[in-house]
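What follows is my_file.cif (mmCIF, N, CA and C atoms).
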data_input
loop_
_atom_site.label_atom_id
_atom_site.label_comp_id
_atom_site.auth_asym_id
_atom_site.auth_seq_id
_atom_site.Cartn_x
_atom_site.Cartn_y
_atom_site.Cartn_z
N MET T 1406 -1.92 11.70 -0.47
CA MET T 1406 -0.51 12.05 -0.23
C MET T 1406 -0.35 12.48 1.22
N PRO T 1407 0.54 11.84 1.95
CA PRO T 1407 0.76 12.24 3.34
C PRO T 1407 1.54 13.55 3.41
N THR T 1408 1.49 14.16 4.56
CA THR T 1408 2.32 15.31 4.89
C THR T 1408 3.22 14.88 6.04
N ILE T 1409 4.46 15.36 6.04
CA ILE T 1409 5.35 15.12 7.17
C ILE T 1409 5.27 16.32 8.08
N LEU T 1410 4.96 16.08 9.35
CA LEU T 1410 4.90 17.14 10.36
C LEU T 1410 6.01 16.91 11.36
N ILE T 1411 6.84 17.94 11.58
CA ILE T 1411 7.98 17.82 12.48
C ILE T 1411 7.73 18.63 13.74
N ASP T 1412 7.77 17.96 14.89
CA ASP T 1412 7.79 18.63 16.18
C ASP T 1412 9.24 19.11 16.34
N ALA T 1413 9.51 20.32 15.88
CA ALA T 1413 10.89 20.73 15.60
C ALA T 1413 11.69 21.23 16.79
N ASP T 1414 11.05 21.59 17.90
CA ASP T 1414 11.80 22.09 19.05
C ASP T 1414 12.72 20.99 19.55
N GLY T 1415 14.02 21.16 19.39
CA GLY T 1415 14.99 20.18 19.84
C GLY T 1415 15.13 18.96 18.94
N CYS T 1416 14.61 19.03 17.73
CA CYS T 1416 14.67 17.88 16.81
C CYS T 1416 15.98 17.91 16.01
N PRO T 1417 16.79 16.85 16.11
CA PRO T 1417 18.08 16.84 15.41
C PRO T 1417 18.01 16.42 13.94
N VAL T 1418 16.82 16.07 13.45
CA VAL T 1418 16.73 15.55 12.07
C VAL T 1418 15.86 16.41 11.16
N VAL T 1419 15.73 17.70 11.47
CA VAL T 1419 14.92 18.59 10.64
C VAL T 1419 15.46 18.63 9.20
N ASP T 1420 16.75 18.89 9.04
CA ASP T 1420 17.31 19.01 7.69
C ASP T 1420 17.20 17.70 6.92
N LEU T 1421 17.47 16.60 7.58
CA LEU T 1421 17.37 15.29 6.95
C LEU T 1421 15.94 15.00 6.52
N THR T 1422 14.97 15.32 7.35
CA THR T 1422 13.56 15.11 7.03
C THR T 1422 13.13 15.96 5.84
N VAL T 1423 13.52 17.23 5.84
CA VAL T 1423 13.17 18.12 4.73
C VAL T 1423 13.77 17.60 3.42
N ARG T 1424 15.00 17.15 3.47
CA ARG T 1424 15.65 16.62 2.27
C ARG T 1424 14.92 15.38 1.74
N ILE T 1425 14.54 14.46 2.61
CA ILE T 1425 13.82 13.25 2.19
C ILE T 1425 12.44 13.62 1.65
N GLY T 1426 11.77 14.54 2.31
CA GLY T 1426 10.47 14.99 1.81
C GLY T 1426 10.58 15.59 0.42
N ARG T 1427 11.61 16.41 0.20
CA ARG T 1427 11.81 17.04 -1.11
C ARG T 1427 12.06 15.99 -2.19
N VAL T 1428 12.92 15.01 -1.89
CA VAL T 1428 13.25 13.95 -2.87
C VAL T 1428 12.00 13.19 -3.29
N HIS T 1429 11.10 12.96 -2.36
CA HIS T 1429 9.91 12.16 -2.64
C HIS T 1429 8.67 13.00 -2.96
N GLY T 1430 8.83 14.31 -2.99
CA GLY T 1430 7.70 15.17 -3.31
C GLY T 1430 6.62 15.18 -2.23
N VAL T 1431 7.03 14.96 -0.99
CA VAL T 1431 6.08 14.95 0.14
C VAL T 1431 6.19 16.28 0.88
N PRO T 1432 5.07 16.97 1.07
CA PRO T 1432 5.12 18.24 1.79
C PRO T 1432 5.60 18.06 3.23
N VAL T 1433 6.38 19.04 3.70
CA VAL T 1433 6.91 19.01 5.06
C VAL T 1433 6.49 20.28 5.77
N ARG T 1434 5.97 20.10 6.99
CA ARG T 1434 5.62 21.24 7.84
C ARG T 1434 6.46 21.16 9.11
N ILE T 1435 7.12 22.25 9.41
CA ILE T 1435 7.92 22.37 10.62
C ILE T 1435 7.10 23.16 11.63
N LEU T 1436 6.84 22.57 12.79
CA LEU T 1436 6.08 23.25 13.83
C LEU T 1436 7.03 23.55 14.98
N CYS T 1437 7.07 24.82 15.40
CA CYS T 1437 7.97 25.23 16.47
C CYS T 1437 7.34 26.39 17.22
N ASP T 1438 7.96 26.74 18.36
CA ASP T 1438 7.47 27.90 19.09
C ASP T 1438 8.36 29.11 18.83
N THR T 1439 7.97 30.24 19.37
CA THR T 1439 8.68 31.49 19.08
C THR T 1439 10.12 31.48 19.60
N ALA T 1440 10.43 30.62 20.56
CA ALA T 1440 11.79 30.54 21.09
C ALA T 1440 12.71 29.69 20.20
N HIS T 1441 12.13 28.94 19.27
CA HIS T 1441 12.92 28.03 18.43
C HIS T 1441 12.54 28.19 16.96
N ARG T 1442 12.42 29.37 16.50
CA ARG T 1442 11.98 29.59 15.12
C ARG T 1442 12.92 28.87 14.14
N ILE T 1443 12.39 27.87 13.45
CA ILE T 1443 13.19 27.02 12.56
C ILE T 1443 12.59 27.09 11.16
N GLU T 1444 13.34 27.63 10.23
CA GLU T 1444 12.85 27.74 8.86
C GLU T 1444 13.84 27.08 7.92
N ARG T 1445 13.30 26.32 6.97
CA ARG T 1445 14.12 25.64 5.98
C ARG T 1445 13.47 25.78 4.62
N GLU T 1446 14.31 25.98 3.61
CA GLU T 1446 13.81 26.04 2.24
C GLU T 1446 13.21 24.68 1.89
N GLY T 1447 12.05 24.70 1.28
CA GLY T 1447 11.39 23.45 0.89
C GLY T 1447 10.41 22.94 1.92
N ALA T 1448 10.23 23.69 3.01
CA ALA T 1448 9.28 23.29 4.05
C ALA T 1448 8.48 24.50 4.50
N GLU T 1449 7.29 24.26 4.95
CA GLU T 1449 6.45 25.32 5.52
C GLU T 1449 6.69 25.33 7.03
N THR T 1450 6.94 26.52 7.57
CA THR T 1450 7.15 26.64 9.02
C THR T 1450 5.93 27.28 9.65
N LEU T 1451 5.44 26.65 10.71
CA LEU T 1451 4.32 27.17 11.49
C LEU T 1451 4.86 27.47 12.88
N VAL T 1452 4.71 28.71 13.33
CA VAL T 1452 5.26 29.15 14.61
C VAL T 1452 4.11 29.44 15.57
N PHE T 1453 4.26 28.95 16.80
CA PHE T 1453 3.22 29.10 17.82
C PHE T 1453 3.79 29.75 19.06
N ASP T 1454 2.90 30.31 19.88
CA ASP T 1454 3.34 30.94 21.12
C ASP T 1454 4.11 29.96 21.98
N LYS T 1455 5.07 30.51 22.69
CA LYS T 1455 5.83 29.71 23.63
C LYS T 1455 4.89 29.33 24.78
N GLY T 1456 4.96 28.10 25.18
CA GLY T 1456 4.11 27.66 26.30
C GLY T 1456 4.09 26.15 26.35
N ALA T 1457 3.74 25.65 27.51
CA ALA T 1457 3.73 24.21 27.72
C ALA T 1457 2.82 23.53 26.69
N ASP T 1458 3.41 22.72 25.87
CA ASP T 1458 2.70 21.87 24.91
C ASP T 1458 1.95 22.61 23.81
N SER T 1459 2.22 23.90 23.60
CA SER T 1459 1.50 24.65 22.57
C SER T 1459 1.75 24.06 21.18
N VAL T 1460 3.00 23.70 20.90
CA VAL T 1460 3.32 23.11 19.59
C VAL T 1460 2.69 21.73 19.47
N ASP T 1461 2.72 20.96 20.56
CA ASP T 1461 2.14 19.61 20.52
C ASP T 1461 0.66 19.65 20.16
N PHE T 1462 -0.09 20.52 20.82
CA PHE T 1462 -1.52 20.59 20.54
C PHE T 1462 -1.80 21.14 19.14
N ALA T 1463 -0.99 22.08 18.68
CA ALA T 1463 -1.15 22.59 17.32
C ALA T 1463 -0.91 21.48 16.31
N LEU T 1464 0.10 20.65 16.56
CA LEU T 1464 0.40 19.55 15.65
C LEU T 1464 -0.73 18.54 15.64
N VAL T 1465 -1.21 18.14 16.81
CA VAL T 1465 -2.30 17.16 16.89
C VAL T 1465 -3.53 17.67 16.16
N ASN T 1466 -3.80 18.96 16.25
CA ASN T 1466 -4.98 19.53 15.58
C ASN T 1466 -4.83 19.57 14.06
N ARG T 1467 -3.62 19.42 13.56
CA ARG T 1467 -3.38 19.48 12.11
C ARG T 1467 -3.15 18.11 11.47
N VAL T 1468 -2.79 17.12 12.26
CA VAL T 1468 -2.42 15.81 11.71
C VAL T 1468 -3.65 15.09 11.15
N GLN T 1469 -3.45 14.43 10.03
CA GLN T 1469 -4.51 13.69 9.35
C GLN T 1469 -4.11 12.21 9.28
N PRO T 1470 -5.08 11.31 9.15
CA PRO T 1470 -4.74 9.90 8.98
C PRO T 1470 -3.76 9.72 7.82
N GLY T 1471 -2.71 8.93 8.07
CA GLY T 1471 -1.71 8.67 7.03
C GLY T 1471 -0.56 9.64 7.02
N ASP T 1472 -0.67 10.77 7.74
CA ASP T 1472 0.45 11.70 7.83
C ASP T 1472 1.59 11.04 8.60
N ILE T 1473 2.77 11.62 8.47
CA ILE T 1473 3.96 11.12 9.14
C ILE T 1473 4.43 12.19 10.10
N VAL T 1474 4.55 11.83 11.37
CA VAL T 1474 4.94 12.78 12.40
C VAL T 1474 6.32 12.39 12.92
N ILE T 1475 7.19 13.39 13.08
CA ILE T 1475 8.52 13.20 13.64
C ILE T 1475 8.53 13.88 15.00
N THR T 1476 8.73 13.11 16.08
CA THR T 1476 8.76 13.68 17.42
C THR T 1476 9.54 12.78 18.36
N GLN T 1477 10.08 13.38 19.41
CA GLN T 1477 10.73 12.65 20.50
C GLN T 1477 9.79 12.47 21.68
N ASP T 1478 8.62 13.09 21.60
CA ASP T 1478 7.68 13.18 22.72
C ASP T 1478 6.70 12.02 22.69
N TYR T 1479 6.77 11.15 23.70
CA TYR T 1479 5.89 9.97 23.74
C TYR T 1479 4.42 10.36 23.87
N GLY T 1480 4.13 11.40 24.64
CA GLY T 1480 2.74 11.84 24.79
C GLY T 1480 2.17 12.31 23.47
N LEU T 1481 2.93 13.13 22.75
CA LEU T 1481 2.50 13.59 21.43
C LEU T 1481 2.37 12.42 20.47
N ALA T 1482 3.31 11.49 20.54
CA ALA T 1482 3.25 10.31 19.67
C ALA T 1482 1.95 9.55 19.91
N SER T 1483 1.58 9.39 21.16
CA SER T 1483 0.35 8.67 21.50
C SER T 1483 -0.88 9.36 20.91
N MET T 1484 -0.93 10.68 21.03
CA MET T 1484 -2.08 11.42 20.48
C MET T 1484 -2.13 11.30 18.95
N CYS T 1485 -0.98 11.33 18.30
CA CYS T 1485 -0.93 11.22 16.84
C CYS T 1485 -1.31 9.82 16.38
N LEU T 1486 -0.90 8.80 17.13
CA LEU T 1486 -1.32 7.44 16.80
C LEU T 1486 -2.84 7.31 16.86
N ALA T 1487 -3.45 7.97 17.84
CA ALA T 1487 -4.90 7.95 17.95
C ALA T 1487 -5.56 8.60 16.75
N ARG T 1488 -4.86 9.51 16.09
CA ARG T 1488 -5.37 10.16 14.88
C ARG T 1488 -4.98 9.39 13.61
N ARG T 1489 -4.42 8.18 13.78
CA ARG T 1489 -4.04 7.26 12.70
C ARG T 1489 -2.90 7.79 11.83
N ALA T 1490 -1.95 8.46 12.48
CA ALA T 1490 -0.73 8.91 11.79
C ALA T 1490 0.36 7.87 12.01
N ARG T 1491 1.37 7.90 11.17
CA ARG T 1491 2.61 7.14 11.39
C ARG T 1491 3.52 8.06 12.18
N VAL T 1492 4.18 7.55 13.21
CA VAL T 1492 4.98 8.41 14.08
C VAL T 1492 6.36 7.79 14.28
N LEU T 1493 7.38 8.61 14.04
CA LEU T 1493 8.78 8.19 14.14
C LEU T 1493 9.53 9.08 15.12
N ASN T 1494 10.50 8.48 15.83
CA ASN T 1494 11.38 9.35 16.60
C ASN T 1494 12.63 9.65 15.79
N GLN T 1495 13.53 10.43 16.36
CA GLN T 1495 14.71 10.91 15.65
C GLN T 1495 15.73 9.81 15.37
N ASN T 1496 15.54 8.63 15.95
CA ASN T 1496 16.48 7.53 15.73
C ASN T 1496 15.91 6.45 14.83
N GLY T 1497 14.71 6.68 14.29
CA GLY T 1497 14.12 5.71 13.38
C GLY T 1497 13.17 4.74 14.04
N LEU T 1498 12.95 4.87 15.36
CA LEU T 1498 11.97 4.03 16.03
C LEU T 1498 10.57 4.48 15.63
N GLU T 1499 9.77 3.55 15.15
CA GLU T 1499 8.38 3.90 14.86
C GLU T 1499 7.53 3.58 16.08
N TYR T 1500 6.82 4.58 16.56
CA TYR T 1500 5.89 4.38 17.66
C TYR T 1500 4.68 3.65 17.11
N THR T 1501 4.22 2.67 17.84
CA THR T 1501 3.06 1.88 17.40
C THR T 1501 2.13 1.64 18.58
N ALA T 1502 0.96 1.10 18.29
CA ALA T 1502 0.04 0.72 19.37
C ALA T 1502 0.68 -0.34 20.26
N GLN T 1503 1.59 -1.12 19.72
CA GLN T 1503 2.23 -2.20 20.48
C GLN T 1503 3.33 -1.70 21.43
N ASN T 1504 3.98 -0.57 21.12
CA ASN T 1504 5.09 -0.15 21.99
C ASN T 1504 4.83 1.14 22.77
N ILE T 1505 3.78 1.88 22.45
CA ILE T 1505 3.61 3.20 23.07
C ILE T 1505 3.30 3.11 24.56
N ASP T 1506 2.53 2.11 24.99
CA ASP T 1506 2.20 2.02 26.42
C ASP T 1506 3.45 1.79 27.26
N GLY T 1507 4.34 0.92 26.79
CA GLY T 1507 5.58 0.67 27.52
C GLY T 1507 6.46 1.91 27.57
N LEU T 1508 6.51 2.65 26.47
CA LEU T 1508 7.32 3.87 26.44
C LEU T 1508 6.75 4.94 27.38
N LEU T 1509 5.42 5.06 27.41
CA LEU T 1509 4.80 6.02 28.32
C LEU T 1509 5.03 5.62 29.78
N ALA T 1510 4.98 4.32 30.07
CA ALA T 1510 5.21 3.84 31.44
C ALA T 1510 6.66 4.15 31.86
N ARG T 1511 7.60 3.94 30.95
CA ARG T 1511 9.00 4.23 31.26
C ARG T 1511 9.20 5.73 31.50
N ARG T 1512 8.52 6.57 30.71
CA ARG T 1512 8.62 8.02 30.92
C ARG T 1512 8.08 8.39 32.30
N HIS T 1513 6.97 7.77 32.68
CA HIS T 1513 6.38 8.03 33.99
C HIS T 1513 7.35 7.65 35.11
N GLU T 1514 7.98 6.49 34.98
CA GLU T 1514 8.96 6.04 35.99
C GLU T 1514 10.15 7.00 36.07
N ASN T 1515 10.61 7.48 34.92
CA ASN T 1515 11.73 8.43 34.92
C ASN T 1515 11.34 9.74 35.61
N LYS T 1516 10.10 10.18 35.40
CA LYS T 1516 9.65 11.42 36.06
C LYS T 1516 9.57 11.23 37.57
N LYS T 1517 9.16 10.04 38.01
CA LYS T 1517 9.14 9.77 39.44
C LYS T 1517 10.55 9.81 40.02
N LEU T 1518 11.52 9.26 39.30
CA LEU T 1518 12.91 9.31 39.75
C LEU T 1518 13.40 10.75 39.86
N LEU T 1519 13.07 11.56 38.88
CA LEU T 1519 13.48 12.96 38.91
C LEU T 1519 12.90 13.68 40.12
N ARG T 1520 11.62 13.43 40.40
CA ARG T 1520 10.99 14.06 41.56
C ARG T 1520 11.64 13.60 42.86
N ALA T 1521 12.17 12.39 42.87
CA ALA T 1521 12.84 11.85 44.05
C ALA T 1521 14.29 12.31 44.14
N GLY T 1522 14.73 13.12 43.19
CA GLY T 1522 16.08 13.65 43.21
C GLY T 1522 17.11 12.78 42.51
N LYS T 1523 16.66 11.73 41.87
CA LYS T 1523 17.58 10.87 41.12
C LYS T 1523 17.53 11.27 39.66
N HIS T 1524 18.69 11.47 39.09
CA HIS T 1524 18.76 11.93 37.71
C HIS T 1524 19.29 10.84 36.80
N PRO T 1525 18.39 10.24 35.97
CA PRO T 1525 18.86 9.21 35.04
C PRO T 1525 19.85 9.82 34.04
N LYS T 1526 20.73 8.99 33.56
CA LYS T 1526 21.74 9.43 32.59
C LYS T 1526 21.04 9.93 31.32
N GLY T 1527 21.52 11.03 30.80
CA GLY T 1527 20.96 11.60 29.57
C GLY T 1527 21.40 10.83 28.34
N PRO T 1528 20.87 11.21 27.20
CA PRO T 1528 21.22 10.50 25.96
C PRO T 1528 22.68 10.75 25.56
N ALA T 1529 23.24 9.77 24.90
CA ALA T 1529 24.61 9.89 24.39
C ALA T 1529 24.62 10.84 23.19
N LYS T 1530 25.81 11.29 22.81
CA LYS T 1530 25.95 12.16 21.65
C LYS T 1530 25.39 11.47 20.40
N ARG T 1531 24.73 12.24 19.58
CA ARG T 1531 24.11 11.72 18.36
C ARG T 1531 25.17 11.17 17.41
N THR T 1532 24.84 10.03 16.77
CA THR T 1532 25.79 9.38 15.87
C THR T 1532 25.29 9.38 14.43
N ARG T 1533 26.21 9.15 13.53
CA ARG T 1533 25.87 9.02 12.11
C ARG T 1533 24.95 7.82 11.89
N GLU T 1534 25.17 6.76 12.66
CA GLU T 1534 24.33 5.55 12.53
C GLU T 1534 22.88 5.86 12.89
N GLN T 1535 22.65 6.73 13.87
CA GLN T 1535 21.28 7.12 14.22
C GLN T 1535 20.63 7.87 13.07
N ASP T 1536 21.38 8.78 12.44
CA ASP T 1536 20.85 9.50 11.28
C ASP T 1536 20.51 8.52 10.15
N GLU T 1537 21.39 7.56 9.92
CA GLU T 1537 21.16 6.59 8.86
C GLU T 1537 19.94 5.72 9.15
N ALA T 1538 19.77 5.29 10.39
CA ALA T 1538 18.60 4.48 10.76
C ALA T 1538 17.32 5.29 10.59
N PHE T 1539 17.36 6.56 10.99
CA PHE T 1539 16.20 7.43 10.82
C PHE T 1539 15.86 7.58 9.34
N ALA T 1540 16.85 7.91 8.53
CA ALA T 1540 16.63 8.13 7.10
C ALA T 1540 16.08 6.88 6.43
N LYS T 1541 16.62 5.74 6.76
CA LYS T 1541 16.17 4.48 6.17
C LYS T 1541 14.70 4.22 6.50
N ARG T 1542 14.34 4.41 7.77
CA ARG T 1542 12.95 4.16 8.19
C ARG T 1542 12.00 5.18 7.56
N LEU T 1543 12.38 6.45 7.54
CA LEU T 1543 11.52 7.47 6.94
C LEU T 1543 11.34 7.22 5.45
N GLU T 1544 12.41 6.88 4.77
CA GLU T 1544 12.32 6.56 3.33
C GLU T 1544 11.33 5.41 3.10
N MET T 1545 11.41 4.37 3.93
CA MET T 1545 10.51 3.23 3.78
C MET T 1545 9.05 3.65 4.00
N ILE T 1546 8.80 4.44 5.03
CA ILE T 1546 7.43 4.88 5.32
C ILE T 1546 6.91 5.76 4.20
N VAL T 1547 7.70 6.72 3.76
CA VAL T 1547 7.27 7.63 2.68
C VAL T 1547 6.95 6.84 1.42
N THR T 1548 7.81 5.92 1.08
CA THR T 1548 7.60 5.11 -0.12
C THR T 1548 6.32 4.31 -0.01
N ASN T 1549 6.06 3.70 1.13
CA ASN T 1549 4.85 2.90 1.32
C ASN T 1549 3.59 3.74 1.36
N GLU T 1550 3.65 4.92 2.00
CA GLU T 1550 2.48 5.77 2.12
C GLU T 1550 2.08 6.40 0.80
N LYS T 1551 3.04 6.57 -0.11
CA LYS T 1551 2.71 7.18 -1.41
C LYS T 1551 2.02 6.20 -2.35
N LYS T 1552 2.08 4.90 -2.05
CA LYS T 1552 1.47 3.89 -2.94
C LYS T 1552 -0.03 3.91 -2.86
#
Target format structure tokens, applied to this file:
Amino acid sequence: MPTILIDADGCPVVDLTVRIGRVHGVPVRILCDTAHRIEREGAETLVFDKGADSVDFALVNRVQPGDIVITQDYGLASMCLARRARVLNQNGLEYTAQNIDGLLARRHENKKLLRAGKHPKGPAKRTREQDEAFAKRLEMIVTNEKK
């Protein structure tokens, strides 16, 4: 049985993930730092010291093959893929060995632009369609992983 681990700092789909986990009987762990204490009924919350990547490293140290990780962080996604987890972002995109290198390269280019004083446009306001795409993909993964 997989566990769903949520990199919860800034994650817009915590409630949706907990609800899907509950429906399918899949345990959910919410990982956050002391500045973003996030607790939900039906999920276990693990709180870590505030600090650069403290939650990311705590999550990587807990993830097991077949677990499902929810994160927006490409670096964390890459580490979880190496641990043979399934990894989804908040919009339903599944990170894979085939797409992670391109995503990491794009992140690197964006950081170079920021250092040069150029600020790429931020994400648009979250939509209902994004929630639906996320829920559909998570439901599919949970159903397949339970078999």
Target residues per the PyMOL selection byres (((chain T and resi 1465 and name CA) around 12) and name CA), formatted as a PyMOL selection string: chain T and resi 1410-1412+1436+1458-1464+1466-1470+1472-1476+1480-1490+1492
Name the residues captured by the PyMOL selection byres ((chain T and resi 1441) around 8) when it is applied to the shown file; answer as a ChimeraX atom specification. /T:1413-1415,1436-1440,1442-1444,1452,1455
With distances taken over only C-alpha atoms, the candidate from T:Ala1502, T:Ile1546, T:Val1433, T:Ala1540 nearest Thr1408 of chain T is T:Val1433
Selection under test: the PyMOL selection byres (((chain T and resi 1449 and name CA) around 9) and name CA); residues as a list in words: Pro1432, Val1433, Arg1434, Ile1435, Leu1436, Glu1444, Arg1445, Glu1446, Gly1447, Ala1448, Thr1450 and Leu1451 of chain T
Write to file, as a PDB file, in the coordinates of the input, the residues of the selection just made, with N, CA and C atoms.
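To be explicit, this is the file written out as part12.pdb:
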ATOM      1  N   PRO T1432       5.070  16.970   1.070  1.00  0.00           N
ATOM      2  CA  PRO T1432       5.120  18.240   1.790  1.00  0.00           C
ATOM      3  C   PRO T1432       5.600  18.060   3.230  1.00  0.00           C
ATOM      4  N   VAL T1433       6.380  19.040   3.700  1.00  0.00           N
ATOM      5  CA  VAL T1433       6.910  19.010   5.060  1.00  0.00           C
ATOM      6  C   VAL T1433       6.490  20.280   5.770  1.00  0.00           C
ATOM      7  N   ARG T1434       5.970  20.100   6.990  1.00  0.00           N
ATOM      8  CA  ARG T1434       5.620  21.240   7.840  1.00  0.00           C
ATOM      9  C   ARG T1434       6.460  21.160   9.110  1.00  0.00           C
ATOM     10  N   ILE T1435       7.120  22.250   9.410  1.00  0.00           N
ATOM     11  CA  ILE T1435       7.920  22.370  10.620  1.00  0.00           C
ATOM     12  C   ILE T1435       7.100  23.160  11.630  1.00  0.00           C
ATOM     13  N   LEU T1436       6.840  22.570  12.790  1.00  0.00           N
ATOM     14  CA  LEU T1436       6.080  23.250  13.830  1.00  0.00           C
ATOM     15  C   LEU T1436       7.030  23.550  14.980  1.00  0.00           C
ATOM     16  N   GLU T1444      13.340  27.630  10.230  1.00  0.00           N
ATOM     17  CA  GLU T1444      12.850  27.740   8.860  1.00  0.00           C
ATOM     18  C   GLU T1444      13.840  27.080   7.920  1.00  0.00           C
ATOM     19  N   ARG T1445      13.300  26.320   6.970  1.00  0.00           N
ATOM     20  CA  ARG T1445      14.120  25.640   5.980  1.00  0.00           C
ATOM     21  C   ARG T1445      13.470  25.780   4.620  1.00  0.00           C
ATOM     22  N   GLU T1446      14.310  25.980   3.610  1.00  0.00           N
ATOM     23  CA  GLU T1446      13.810  26.040   2.240  1.00  0.00           C
ATOM     24  C   GLU T1446      13.210  24.680   1.890  1.00  0.00           C
ATOM     25  N   GLY T1447      12.050  24.700   1.280  1.00  0.00           N
ATOM     26  CA  GLY T1447      11.390  23.450   0.890  1.00  0.00           C
ATOM     27  C   GLY T1447      10.410  22.940   1.920  1.00  0.00           C
ATOM     28  N   ALA T1448      10.230  23.690   3.010  1.00  0.00           N
ATOM     29  CA  ALA T1448       9.280  23.290   4.050  1.00  0.00           C
ATOM     30  C   ALA T1448       8.480  24.500   4.500  1.00  0.00           C
ATOM     31  N   THR T1450       6.940  26.520   7.570  1.00  0.00           N
ATOM     32  CA  THR T1450       7.150  26.640   9.020  1.00  0.00           C
ATOM     33  C   THR T1450       5.930  27.280   9.650  1.00  0.00           C
ATOM     34  N   LEU T1451       5.440  26.650  10.710  1.00  0.00           N
ATOM     35  CA  LEU T1451       4.320  27.170  11.490  1.00  0.00           C
ATOM     36  C   LEU T1451       4.860  27.470  12.880  1.00  0.00           C
TER      37      LEU T1451
END
Centre and edge lengths of an axis-aligned box around all listed atoms of segment 1453-1471 of chain T, with 5 Å added on each side, are to be given in Å to one decimal, as lines of an AutoDock Vina configuration file.
center_x = 0.4
center_y = 19.8
center_z = 17.4
size_x = 20.9
size_y = 32.3
size_z = 30.7
For the atom pair atom CA of Ala1521 of chain T and atom CA of Pro1417 of chain T, what is the interatomic distance in Å to one decimal place?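 Between atom CA of Ala1521 of chain T and atom CA of Pro1417 of chain T the gap works out to 29.5 Å.
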Which residues, written as a PDB file with N, CA and C atoms, in the coordinates of the input, have at least one atom at most 8 Å from Glu1550 of chain T, with all atoms listed in the file counted and residues fewer than 3 positions away on the same chain left out?
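Contents of out-v7.pdb, as written:
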ATOM      1  N   MET T1406      -1.920  11.700  -0.470  1.00  0.00           N
ATOM      2  CA  MET T1406      -0.510  12.050  -0.230  1.00  0.00           C
ATOM      3  C   MET T1406      -0.350  12.480   1.220  1.00  0.00           C
ATOM      4  N   PRO T1407       0.540  11.840   1.950  1.00  0.00           N
ATOM      5  CA  PRO T1407       0.760  12.240   3.340  1.00  0.00           C
ATOM      6  C   PRO T1407       1.540  13.550   3.410  1.00  0.00           C
ATOM      7  N   GLY T1471      -2.710   8.930   8.070  1.00  0.00           N
ATOM      8  CA  GLY T1471      -1.710   8.670   7.030  1.00  0.00           C
ATOM      9  C   GLY T1471      -0.560   9.640   7.020  1.00  0.00           C
ATOM     10  N   GLU T1544      12.410   6.880   4.770  1.00  0.00           N
ATOM     11  CA  GLU T1544      12.320   6.560   3.330  1.00  0.00           C
ATOM     12  C   GLU T1544      11.330   5.410   3.100  1.00  0.00           C
ATOM     13  N   MET T1545      11.410   4.370   3.930  1.00  0.00           N
ATOM     14  CA  MET T1545      10.510   3.230   3.780  1.00  0.00           C
ATOM     15  C   MET T1545       9.050   3.650   4.000  1.00  0.00           C
ATOM     16  N   ILE T1546       8.800   4.440   5.030  1.00  0.00           N
ATOM     17  CA  ILE T1546       7.430   4.880   5.320  1.00  0.00           C
ATOM     18  C   ILE T1546       6.910   5.760   4.200  1.00  0.00           C
ATOM     19  N   VAL T1547       7.700   6.720   3.760  1.00  0.00           N
ATOM     20  CA  VAL T1547       7.270   7.630   2.680  1.00  0.00           C
ATOM     21  C   VAL T1547       6.950   6.840   1.420  1.00  0.00           C
TER      22      VAL T1547
END
